[in-house]
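Undergrad: For reference, this is start.pdb, and it has PDB, C-alpha atoms and all ligand atoms.
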```
ATOM      1  CA  MET A   1     127.771  72.773  97.528
ATOM      2  CA  LYS A   2     124.872  74.690  98.975
ATOM      3  CA  ASP A   3     121.425  74.048  97.610
ATOM      4  CA  VAL A   4     120.435  77.699  97.286
ATOM      5  CA  PRO A   5     116.873  78.328  96.083
ATOM      6  CA  ASN A   6     116.879  80.727  93.155
ATOM      7  CA  ASP A   7     113.227  81.768  93.182
ATOM      8  CA  GLY A   8     113.364  83.113  96.732
ATOM      9  CA  PRO A   9     113.826  86.761  97.687
ATOM     10  CA  ARG A  10     117.328  88.156  97.300
ATOM     11  CA  HIS A  11     116.697  91.121  99.568
ATOM     12  CA  VAL A  12     114.574  90.617 102.685
ATOM     13  CA  ALA A  13     113.743  93.482 105.040
ATOM     14  CA  ILE A  14     112.348  92.841 108.511
ATOM     15  CA  ILE A  15     110.406  95.019 110.940
ATOM     16  CA  MET A  16     111.408  93.232 114.135
ATOM     17  CA  ASP A  17     108.349  93.988 116.254
ATOM     18  CA  GLY A  18     106.904  92.572 119.462
ATOM     19  CA  ASN A  19     109.811  92.559 121.935
ATOM     20  CA  GLY A  20     107.906  94.594 124.513
ATOM     21  CA  ARG A  21     104.779  92.424 124.423
ATOM     22  CA  TRP A  22     106.890  89.272 124.564
ATOM     23  CA  ALA A  23     108.502  90.475 127.793
ATOM     24  CA  GLN A  24     105.285  91.820 129.313
ATOM     25  CA  ARG A  25     103.558  88.472 128.789
ATOM     26  CA  GLN A  26     106.152  86.962 131.091
ATOM     27  CA  GLY A  27     105.886  89.744 133.615
ATOM     28  CA  LYS A  28     109.342  91.018 132.658
ATOM     29  CA  PRO A  29     110.500  94.568 131.794
ATOM     30  CA  ARG A  30     110.446  95.582 128.113
ATOM     31  CA  LEU A  31     114.231  95.622 127.916
ATOM     32  CA  TYR A  32     114.286  91.916 128.683
ATOM     33  CA  GLY A  33     112.367  91.468 125.421
ATOM     34  CA  HIS A  34     114.831  93.626 123.510
ATOM     35  CA  HIS A  35     117.702  91.452 124.710
ATOM     36  CA  ALA A  36     115.861  88.306 123.636
ATOM     37  CA  GLY A  37     115.135  89.974 120.295
ATOM     38  CA  ALA A  38     118.798  90.805 119.768
ATOM     39  CA  ARG A  39     119.686  87.140 120.236
ATOM     40  CA  ARG A  40     117.316  86.200 117.409
ATOM     41  CA  VAL A  41     119.146  88.464 114.981
ATOM     42  CA  ARG A  42     122.188  86.201 114.927
ATOM     43  CA  GLU A  43     120.078  83.155 114.108
ATOM     44  CA  ILE A  44     118.322  84.912 111.222
ATOM     45  CA  VAL A  45     121.607  86.319 109.874
ATOM     46  CA  GLU A  46     123.150  82.855 109.934
ATOM     47  CA  ALA A  47     120.180  81.353 108.096
ATOM     48  CA  CYS A  48     120.399  83.772 105.153
ATOM     49  CA  PRO A  49     123.140  82.273 102.948
ATOM     50  CA  ASP A  50     121.494  78.819 102.786
ATOM     51  CA  LEU A  51     118.158  80.425 101.929
ATOM     52  CA  GLY A  52     119.600  82.394  99.026
ATOM     53  CA  VAL A  53     119.211  85.750 100.798
ATOM     54  CA  LYS A  54     122.030  88.090  99.813
ATOM     55  CA  TYR A  55     120.682  91.264 101.456
ATOM     56  CA  LEU A  56     119.052  91.460 104.870
ATOM     57  CA  THR A  57     117.829  94.802 106.193
ATOM     58  CA  ILE A  58     116.552  95.013 109.757
ATOM     59  CA  PHE A  59     114.662  97.796 111.527
ATOM     60  CA  ALA A  60     116.291  98.277 114.925
ATOM     61  CA  PHE A  61     115.192 101.784 115.983
ATOM     62  CA  SER A  62     112.889 104.244 114.263
ATOM     63  CA  THR A  63     112.944 108.044 114.251
ATOM     64  CA  GLU A  64     109.698 107.757 116.241
ATOM     65  CA  ASN A  65     111.102 105.426 118.896
ATOM     66  CA  TRP A  66     112.596 108.433 120.763
ATOM     67  CA  LYS A  67     109.056 108.953 122.076
ATOM     68  CA  ARG A  68     109.536 106.002 124.436
ATOM     69  CA  THR A  69     110.669 106.425 128.035
ATOM     70  CA  GLN A  70     114.202 107.610 128.592
ATOM     71  CA  ALA A  71     114.965 104.323 130.361
ATOM     72  CA  GLU A  72     113.887 102.232 127.367
ATOM     73  CA  VAL A  73     115.723 104.437 124.852
ATOM     74  CA  SER A  74     118.973 104.433 126.792
ATOM     75  CA  GLY A  75     118.631 100.690 127.430
ATOM     76  CA  LEU A  76     118.297 100.138 123.694
ATOM     77  CA  MET A  77     121.315 102.343 122.933
ATOM     78  CA  THR A  78     123.399 100.359 125.433
ATOM     79  CA  LEU A  79     122.155  97.154 123.829
ATOM     80  CA  PHE A  80     123.238  98.370 120.364
ATOM     81  CA  ARG A  81     126.731  99.155 121.650
ATOM     82  CA  ARG A  82     127.020  95.797 123.397
ATOM     83  CA  TYR A  83     125.709  94.005 120.365
ATOM     84  CA  ILE A  84     128.289  95.551 118.053
ATOM     85  CA  GLN A  85     131.007  94.779 120.539
ATOM     86  CA  SER A  86     130.064  91.132 120.961
ATOM     87  CA  GLU A  87     129.168  90.349 117.340
ATOM     88  CA  ALA A  88     131.712  92.355 115.312
ATOM     89  CA  ARG A  89     134.387  89.698 114.969
ATOM     90  CA  GLU A  90     131.947  86.921 114.192
ATOM     91  CA  LEU A  91     130.199  89.015 111.529
ATOM     92  CA  ARG A  92     133.532  89.837 109.916
ATOM     93  CA  ASP A  93     134.689  86.217 109.961
ATOM     94  CA  LYS A  94     131.389  84.969 108.536
ATOM     95  CA  GLY A  95     131.745  87.239 105.508
ATOM     96  CA  VAL A  96     128.945  89.638 106.488
ATOM     97  CA  ARG A  97     129.171  93.195 105.235
ATOM     98  CA  VAL A  98     127.444  95.491 107.708
ATOM     99  CA  ARG A  99     125.968  98.875 106.859
ATOM    100  CA  PHE A 100     123.861 101.293 108.883
ATOM    101  CA  ILE A 101     121.089 103.478 107.510
ATOM    102  CA  GLY A 102     119.321 106.307 109.312
ATOM    103  CA  ASP A 103     120.352 109.658 110.681
ATOM    104  CA  ARG A 104     123.448 109.414 112.876
ATOM    105  CA  ILE A 105     123.246 112.991 114.081
ATOM    106  CA  ARG A 106     121.080 112.190 117.107
ATOM    107  CA  LEU A 107     123.014 109.093 118.141
ATOM    108  CA  ASP A 108     125.617 108.891 120.881
ATOM    109  CA  ARG A 109     129.109 109.638 119.527
ATOM    110  CA  LYS A 110     130.608 106.481 120.931
ATOM    111  CA  LEU A 111     127.916 104.375 119.254
ATOM    112  CA  VAL A 112     128.472 106.173 115.935
ATOM    113  CA  ARG A 113     132.200 105.471 116.176
ATOM    114  CA  MET A 114     131.495 101.765 116.717
ATOM    115  CA  MET A 115     129.084 101.737 113.767
ATOM    116  CA  ASP A 116     131.736 103.356 111.541
ATOM    117  CA  GLU A 117     134.344 100.853 112.686
ATOM    118  CA  LEU A 118     132.088  97.880 112.011
ATOM    119  CA  GLU A 119     131.313  99.188 108.522
ATOM    120  CA  THR A 120     135.011  99.626 107.823
ATOM    121  CA  MET A 121     136.112  96.268 109.203
ATOM    122  CA  THR A 122     133.500  94.382 107.151
ATOM    123  CA  ALA A 123     133.807  96.492 103.976
ATOM    124  CA  GLY A 124     135.592  93.714 102.078
ATOM    125  CA  ASN A 125     132.881  91.095 102.753
ATOM    126  CA  ASP A 126     130.292  89.869 100.272
ATOM    127  CA  GLU A 127     128.651  86.702 101.652
ATOM    128  CA  LEU A 128     125.682  88.612 103.110
ATOM    129  CA  HIS A 129     124.915  92.328 103.118
ATOM    130  CA  LEU A 130     123.375  93.164 106.486
ATOM    131  CA  THR A 131     121.900  96.634 106.801
ATOM    132  CA  VAL A 132     120.773  97.877 110.189
ATOM    133  CA  ALA A 133     118.266 100.732 110.256
ATOM    134  CA  LEU A 134     119.054 102.788 113.352
ATOM    135  CA  ASN A 135     117.330 106.107 113.995
ATOM    136  CA  TYR A 136     115.790 105.437 110.613
ATOM    137  CA  GLY A 137     112.532 106.815 109.224
ATOM    138  CA  GLY A 138     111.474 106.624 105.586
ATOM    139  CA  ARG A 139     110.179 110.200 105.496
ATOM    140  CA  ASP A 140     113.243 111.487 107.296
ATOM    141  CA  GLU A 141     115.458 109.664 104.795
ATOM    142  CA  VAL A 142     113.620 111.183 101.812
ATOM    143  CA  ALA A 143     113.812 114.643 103.416
ATOM    144  CA  ARG A 144     117.575 114.302 104.028
ATOM    145  CA  ALA A 145     118.059 113.019 100.475
ATOM    146  CA  THR A 146     116.100 115.970  99.116
ATOM    147  CA  GLN A 147     118.225 118.354 101.130
ATOM    148  CA  ARG A 148     121.419 116.904  99.633
ATOM    149  CA  LEU A 149     119.900 116.941  96.158
ATOM    150  CA  ALA A 150     118.843 120.577  96.588
ATOM    151  CA  ARG A 151     122.399 121.482  97.588
ATOM    152  CA  GLU A 152     123.691 119.964  94.342
ATOM    153  CA  VAL A 153     121.142 121.987  92.388
ATOM    154  CA  ALA A 154     122.034 125.188  94.275
ATOM    155  CA  ALA A 155     125.723 124.591  93.568
ATOM    156  CA  GLY A 156     124.959 124.270  89.850
ATOM    157  CA  ARG A 157     126.082 120.621  89.691
ATOM    158  CA  LEU A 158     122.625 119.205  89.001
ATOM    159  CA  ASP A 159     120.050 120.342  86.453
ATOM    160  CA  PRO A 160     116.589 120.408  88.110
ATOM    161  CA  GLU A 161     115.004 119.414  84.786
ATOM    162  CA  LYS A 162     116.951 116.166  84.893
ATOM    163  CA  VAL A 163     115.804 115.108  88.358
ATOM    164  CA  ASP A 164     113.786 111.886  88.185
ATOM    165  CA  ALA A 165     113.069 108.971  90.551
ATOM    166  CA  GLU A 166     116.455 107.432  89.858
ATOM    167  CA  THR A 167     118.237 110.680  90.698
ATOM    168  CA  LEU A 168     116.510 110.911  94.065
ATOM    169  CA  ALA A 169     117.288 107.245  94.825
ATOM    170  CA  ARG A 170     120.989 108.043  94.462
ATOM    171  CA  PHE A 171     120.747 110.388  97.456
ATOM    172  CA  LEU A 172     118.989 107.915  99.754
ATOM    173  CA  ASP A 173     120.836 106.086 102.563
ATOM    174  CA  THR A 174     120.161 102.884 100.628
ATOM    175  CA  CYS A 175     121.758 104.115  97.374
ATOM    176  CA  VAL A 176     124.009 101.055  97.031
ATOM    177  CA  LEU A 177     121.313  98.485  97.864
ATOM    178  CA  PRO A 178     118.723  96.821  95.627
ATOM    179  CA  ASP A 179     115.073  97.361  96.626
ATOM    180  CA  PRO A 180     113.708  94.740  99.034
ATOM    181  CA  ASP A 181     111.816  91.873  97.392
ATOM    182  CA  LEU A 182     110.059  90.951 100.610
ATOM    183  CA  VAL A 183     109.260  92.912 103.772
ATOM    184  CA  ILE A 184     108.342  90.867 106.852
ATOM    185  CA  ARG A 185     106.763  92.336 109.966
ATOM    186  CA  THR A 186     106.399  90.223 113.074
ATOM    187  CA  SER A 187     103.956  90.654 116.001
ATOM    188  CA  GLY A 188     100.706  90.811 114.032
ATOM    189  CA  GLU A 189     100.659  94.541 113.281
ATOM    190  CA  ALA A 190      99.897  95.186 109.597
ATOM    191  CA  ARG A 191     101.581  98.555 109.052
ATOM    192  CA  ILE A 192     104.986  99.695 107.862
ATOM    193  CA  SER A 193     105.684 102.337 110.529
ATOM    194  CA  ASN A 194     107.831 104.536 108.259
ATOM    195  CA  PHE A 195     110.177 101.733 107.123
ATOM    196  CA  LEU A 196     111.728 101.855 103.619
ATOM    197  CA  LEU A 197     108.805 103.846 102.184
ATOM    198  CA  TRP A 198     110.468 104.619  98.876
ATOM    199  CA  GLN A 199     112.284 101.320  98.434
ATOM    200  CA  SER A 200     109.321  99.027  99.115
ATOM    201  CA  ALA A 201     107.126 100.429  96.319
ATOM    202  CA  TYR A 202     106.962  96.963  94.715
ATOM    203  CA  SER A 203     107.948  94.739  97.620
ATOM    204  CA  GLU A 204     105.813  91.851  98.739
ATOM    205  CA  TYR A 205     104.639  92.052 102.363
ATOM    206  CA  GLU A 206     104.307  89.289 104.888
ATOM    207  CA  PHE A 207     102.747  90.053 108.280
ATOM    208  CA  VAL A 208     103.254  87.247 110.760
ATOM    209  CA  ASP A 209     101.685  86.952 114.206
ATOM    210  CA  THR A 210     104.801  85.632 115.936
ATOM    211  CA  LEU A 211     106.507  88.090 118.269
ATOM    212  CA  TRP A 212     110.074  88.864 117.218
ATOM    213  CA  PRO A 213     111.843  87.023 120.098
ATOM    214  CA  ASP A 214     109.956  83.862 119.051
ATOM    215  CA  PHE A 215     110.707  84.227 115.333
ATOM    216  CA  SER A 216     113.080  81.347 114.622
ATOM    217  CA  ALA A 217     115.097  80.375 111.548
ATOM    218  CA  GLU A 218     112.377  77.791 110.802
ATOM    219  CA  HIS A 219     109.688  80.491 110.793
ATOM    220  CA  PHE A 220     111.903  82.560 108.540
ATOM    221  CA  ALA A 221     112.446  79.679 106.092
ATOM    222  CA  ARG A 222     108.693  79.043 105.964
ATOM    223  CA  VAL A 223     107.889  82.681 105.140
ATOM    224  CA  LEU A 224     110.530  82.664 102.404
ATOM    225  CA  ALA A 225     109.176  79.436 100.913
ATOM    226  CA  GLY A 226     105.798  81.145 100.469
ATOM    227  CA  PHE A 227     107.421  83.952  98.531
ATOM    228  CA  GLY A 228     108.388  81.702  95.596
ATOM    229  CA  ARG A 229     104.711  81.079  94.851
ATOM    230  CA  ARG A 230     103.843  84.734  94.343
ATOM    231  CA  GLU A 231     103.492  86.373  90.961
ATOM    232  CA  ARG A 232     105.080  89.812  90.846
ATOM    233  CA  ARG A 233     103.603  91.952  88.090
ATOM    234  CA  TYR A 234     105.083  95.440  88.584
ATOM    235  CA  GLY A 235     102.004  97.012  87.038
ATOM    236  CA  ALA A 236     102.154  94.974  83.841
ATOM    237  CA  VAL A 237      99.842  92.233  82.572
ATOM    238  CA  LEU A 238     101.737  88.972  82.474
ATOM    239  CA  THR A 239     101.091  86.727  79.517
TER     240      THR A 239
HETATM  241  C1  LIG B 301     110.342  96.223 118.474
HETATM  242  O1  LIG B 301     109.616  95.770 119.588
HETATM  243  C2  LIG B 301     111.684  96.795 118.848
HETATM  244  C3  LIG B 301     111.778  98.257 118.756
HETATM  245  C4  LIG B 301     110.858  99.047 118.285
HETATM  246  C5  LIG B 301     113.016  98.857 119.218
HETATM  247  P1  LIG B 301     108.683  96.743 120.400
HETATM  248  O2  LIG B 301     109.471  97.375 121.505
HETATM  249  O3  LIG B 301     107.993  97.703 119.521
HETATM  250  O4  LIG B 301     107.644  95.727 121.027
HETATM  251  P2  LIG B 301     106.079  95.946 121.194
HETATM  252  O5  LIG B 301     105.533  96.311 119.848
HETATM  253  O6  LIG B 301     105.895  97.026 122.205
HETATM  254  O7  LIG B 301     105.591  94.619 121.671
HETATM  255  C1  LIG B 302     108.678  99.772 114.264
HETATM  256  O1  LIG B 302     108.058  99.242 115.389
HETATM  257  C2  LIG B 302     110.102 100.118 114.567
HETATM  258  C3  LIG B 302     111.013  98.989 114.801
HETATM  259  C4  LIG B 302     110.701  97.725 114.729
HETATM  260  C5  LIG B 302     112.361  99.365 115.148
HETATM  261  P1  LIG B 302     107.219 100.138 116.404
HETATM  262  O2  LIG B 302     106.739  99.227 117.482
HETATM  263  O3  LIG B 302     108.014 101.313 116.817
HETATM  264  O4  LIG B 302     106.008 100.641 115.495
HETATM  265  P2  LIG B 302     104.569 101.126 115.908
HETATM  266  O5  LIG B 302     104.728 102.155 116.992
HETATM  267  O6  LIG B 302     103.829  99.942 116.409
HETATM  268  O7  LIG B 302     103.976 101.672 114.660
HETATM  269 MG    MG B 303     106.256  97.658 118.508
END
```
When written as structure tokens, how does the structure in this file appear?

TA:
Amino acid sequence: MKDVPNDGPRHVAIIMDGNGRWAQRQGKPRLYGHHAGARRVREIVEACPDLGVKYLTIFAFSTENWKRTQAEVSGLMTLFRRYIQSEARELRDKGVRVRFIGDRIRLDRKLVRMMDELETMTAGNDELHLTVALNYGGRDEVARATQRLAREVAAGRLDPEKVDAETLARFLDTCVLPDPDLVIRTSGEARISNFLLWQSAYSEYEFVDTLWPDFSAEHFARVLAGFGRRERRYGAVLT
């Protein structure tokens, strides 16, 4: 029997930041940091079930990250392909259901095929729902959702008068996921950089100084333990 805490966050989202600085501090190229960062993902994924986390959403590549050098971008894309290849079986066998959010249109076709395959091969799993945000931007997501919603209106299948926040949420990439309870950003930066803008309206935030490649399962457990002591009010006055 697992001793799963029930006052901890059910859905944790992480902005995995600081790979580049971690590498540069050791005089190594930025990609070295991305590889070290990728290794941390497995450790955090494995820690989730015992910590009561049912949904983990991680920011792997933003719609703004294309502004980096071609060498870094293509290195990251190769890393994503390798990561899927090396982790797929283990994720499936551990009961992890993998989903990807973000716009696939700009991604390499081979990578997209691997993403589709991983989603399909883990579709029956329910131990942990791992969502990877790849070429993801919150504003881009809302714009794409609005485009799909507008098409439904234009086709006469949706009454514009009936569009509310819940309607729009149904068109987001995250439509099947609950909103995150806690968003963690590593590396000391206190900004959200276009991550889950809509979904994190009432999320708690935790900004930690540790660089992502140094963020261990123990760090993760400590951040989650702090969450249980927070009072979430959702705009109401609690009595
Ligand atoms: C986060 O680390 C990973 C990605 C954005 C892909 P960074 O690459 O942003 O690392 P820093 O912020 O430059 O240290
Ligand atoms: C956010 O980190 C994106 C990911 C972690 C994938 P960035 O390093 O790209 O964000 P900024 O540029 O510091 O805002
Ligand atoms: Mg960064």

Undergrad: Residues within 7 Å of ligand LIG 301 (chain B) (only C-alpha atoms and all ligand atoms), as an NGL selection string?

TA: :A and (16-22 or 30 or 34 or 60-62 or 65)

Undergrad: Go ahead and compute the interatomic distance for atom CA of Arg185 of chain A and atom CA of Ala225 of chain A, in Å to one decimal.

TA: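 Atom CA of Ala225 of chain A lies at a distance of 15.9 Å from atom CA of Arg185 of chain A.
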
Undergrad: Output the neighbourhood of ligand LIG 302 (chain B) as a ChimeraX atom specification, that is, all protein and nucleic acid residues with some atom at most 12 Å from the ligand, counting only C-alpha atoms and all ligand atoms.

TA: /A:13-21,30,34,37-38,57-68,73,76,102,132-138,184-196,211-212

Undergrad: Any idea what's packed within 9 Å of Arg99 of chain A, counting only C-alpha atoms, ignoring anything in its chain fewer than 5 positions away? Could you give it as a list in words?

TA: Met115, Asp116, Leu118, Glu119, Thr122, Ala123, His129, Leu130, Thr131, Val132 and Ala133 of chain A

Undergrad: Env of Arg113 of chain A: 12 Å cut, atoms = all atoms listed in the file, seq-sep filter 4 positions within chain, self excluded. Answer as a list in words.

TA: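 The contact residues come out as Arg81, Ile84, Gln85, Phe100, Arg104, Ile105, Leu107, Asp108, Arg109, Glu117, Leu118, Glu119 and Thr120 of chain A.
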
Undergrad: What gap, in Å, lies between atom CA of Gly8 of chain A and atom CA of Gly228 of chain A?

TA: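 If I compute the distance from atom CA of Gly8 of chain A to atom CA of Gly228 of chain A, I get 5.3 Å.
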
Undergrad: With the PyMOL selection byres (((chain A and resi 164-176) around 6) and not hetatm) as the selection, what would be picked from this file? Answer as JSON, numbers by chain, please.

TA: {"A": [101, 145, 163, 177]}

Undergrad: Under the rule that only C-alpha atoms are counted, which of A:Ala201, A:Leu31, A:Val183, A:Ala88 is the nearest residue to Tyr234 of chain A?

TA: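 The closest residue to Tyr234 of chain A is A:Ala201.
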
Undergrad: Restricting the calculation to all atoms listed in the file, which member of A:Ala23, A:Ala36, A:Val98, A:Leu128 is positioned closest to Tyr55 of chain A?

TA: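 Smallest distance to Tyr55 of chain A is found for A:Leu128.
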
Undergrad: For a test of reading the model, state the distance in Å between atom CA of Gly235 of chain A and atom CA of Arg222 of chain A, rounded to one decimal.

TA: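 If I compute the distance from atom CA of Gly235 of chain A to atom CA of Arg222 of chain A, I get 26.9 Å.
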
Undergrad: From the list A:Ser86, A:His11, A:Pro29, A:Glu43, which residue is nearest Ala71 of chain A when using all atoms listed in the file?

TA: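 Answer, going by the shortest atom-to-atom distance: A:Pro29.
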
Undergrad: Can you report as JSON the centre and edge lengths in Å, to one decimal, of an axis-aligned box around the listed atoms of segment 55-74 of chain A padded with 8 Å on each side?

TA:
```
{"center_x": 114.9, "center_y": 100.1, "center_z": 115.9, "size_x": 27.6, "size_y": 33.7, "size_z": 44.9}
```

Undergrad: Ranking A:Lys54, A:Arg233, A:Lys94, A:Arg39 by minimum distance to Arg82 of chain A and counting all atoms listed in the file, which one comes first?

TA: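 For Arg82 of chain A, the nearest of the given residues is A:Arg39.
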
Undergrad: When you write segment 116-125 of chain A out from the block above, keep all heavy atoms and present the result as a short mmCIF file (atom, residue, chain, number, x, y, z; two decimals), in the first residue's frame, please.

TA:
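Once written, decode-v6.cif looks like this:
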```
data_model
loop_
_atom_site.label_atom_id
_atom_site.label_comp_id
_atom_site.auth_asym_id
_atom_site.auth_seq_id
_atom_site.Cartn_x
_atom_site.Cartn_y
_atom_site.Cartn_z
N ASP A 116 2.97 10.71 -32.10
CA ASP A 116 1.68 10.04 -32.31
C ASP A 116 1.73 8.59 -31.82
O ASP A 116 0.82 8.11 -31.15
CB ASP A 116 1.30 10.05 -33.80
CG ASP A 116 0.89 11.44 -34.27
OD1 ASP A 116 0.49 12.25 -33.42
OD2 ASP A 116 0.97 11.70 -35.49
N GLU A 117 2.83 7.92 -32.17
CA GLU A 117 2.97 6.51 -31.78
C GLU A 117 3.01 6.35 -30.27
O GLU A 117 2.40 5.44 -29.71
CB GLU A 117 4.25 5.92 -32.41
CG GLU A 117 4.02 5.47 -33.85
CD GLU A 117 5.33 5.14 -34.56
OE1 GLU A 117 6.38 4.96 -33.88
OE2 GLU A 117 5.29 5.07 -35.80
N LEU A 118 3.75 7.24 -29.62
CA LEU A 118 3.86 7.15 -28.15
C LEU A 118 2.50 7.42 -27.50
O LEU A 118 2.13 6.74 -26.53
CB LEU A 118 4.92 8.14 -27.65
CG LEU A 118 5.25 8.10 -26.15
CD1 LEU A 118 5.69 6.70 -25.71
CD2 LEU A 118 6.33 9.12 -25.79
N GLU A 119 1.75 8.36 -28.04
CA GLU A 119 0.41 8.62 -27.51
C GLU A 119 -0.47 7.38 -27.67
O GLU A 119 -1.18 6.99 -26.74
CB GLU A 119 -0.24 9.81 -28.24
CG GLU A 119 0.31 11.14 -27.80
CD GLU A 119 -0.42 12.34 -28.40
OE1 GLU A 119 -1.01 12.20 -29.50
OE2 GLU A 119 -0.39 13.41 -27.80
N THR A 120 -0.39 6.78 -28.83
CA THR A 120 -1.22 5.60 -29.10
C THR A 120 -0.82 4.42 -28.21
O THR A 120 -1.67 3.76 -27.61
CB THR A 120 -1.11 5.19 -30.59
OG1 THR A 120 -1.37 6.36 -31.37
CG2 THR A 120 -2.09 4.10 -30.95
N MET A 121 0.48 4.18 -28.11
CA MET A 121 0.91 2.99 -27.35
C MET A 121 0.71 3.13 -25.84
O MET A 121 0.72 2.13 -25.13
CB MET A 121 2.35 2.57 -27.71
CG MET A 121 3.45 3.37 -27.10
SD MET A 121 5.05 2.85 -27.80
CE MET A 121 5.70 1.89 -26.44
N THR A 122 0.49 4.35 -25.35
CA THR A 122 0.26 4.52 -23.91
C THR A 122 -1.19 4.92 -23.61
O THR A 122 -1.52 5.24 -22.46
CB THR A 122 1.21 5.60 -23.31
OG1 THR A 122 0.96 6.86 -23.94
CG2 THR A 122 2.68 5.23 -23.50
N ALA A 123 -2.04 4.89 -24.63
CA ALA A 123 -3.42 5.39 -24.49
C ALA A 123 -4.24 4.64 -23.45
O ALA A 123 -5.20 5.18 -22.89
CB ALA A 123 -4.12 5.39 -25.84
N GLY A 124 -3.86 3.40 -23.15
CA GLY A 124 -4.63 2.62 -22.18
C GLY A 124 -4.15 2.81 -20.75
O GLY A 124 -4.70 2.22 -19.82
N ASN A 125 -3.11 3.60 -20.54
CA ASN A 125 -2.52 3.76 -19.20
C ASN A 125 -3.22 4.83 -18.36
O ASN A 125 -3.80 5.77 -18.90
CB ASN A 125 -1.04 4.13 -19.33
CG ASN A 125 -0.18 2.94 -19.74
OD1 ASN A 125 -0.62 1.80 -19.67
ND2 ASN A 125 1.03 3.20 -20.17
#
```
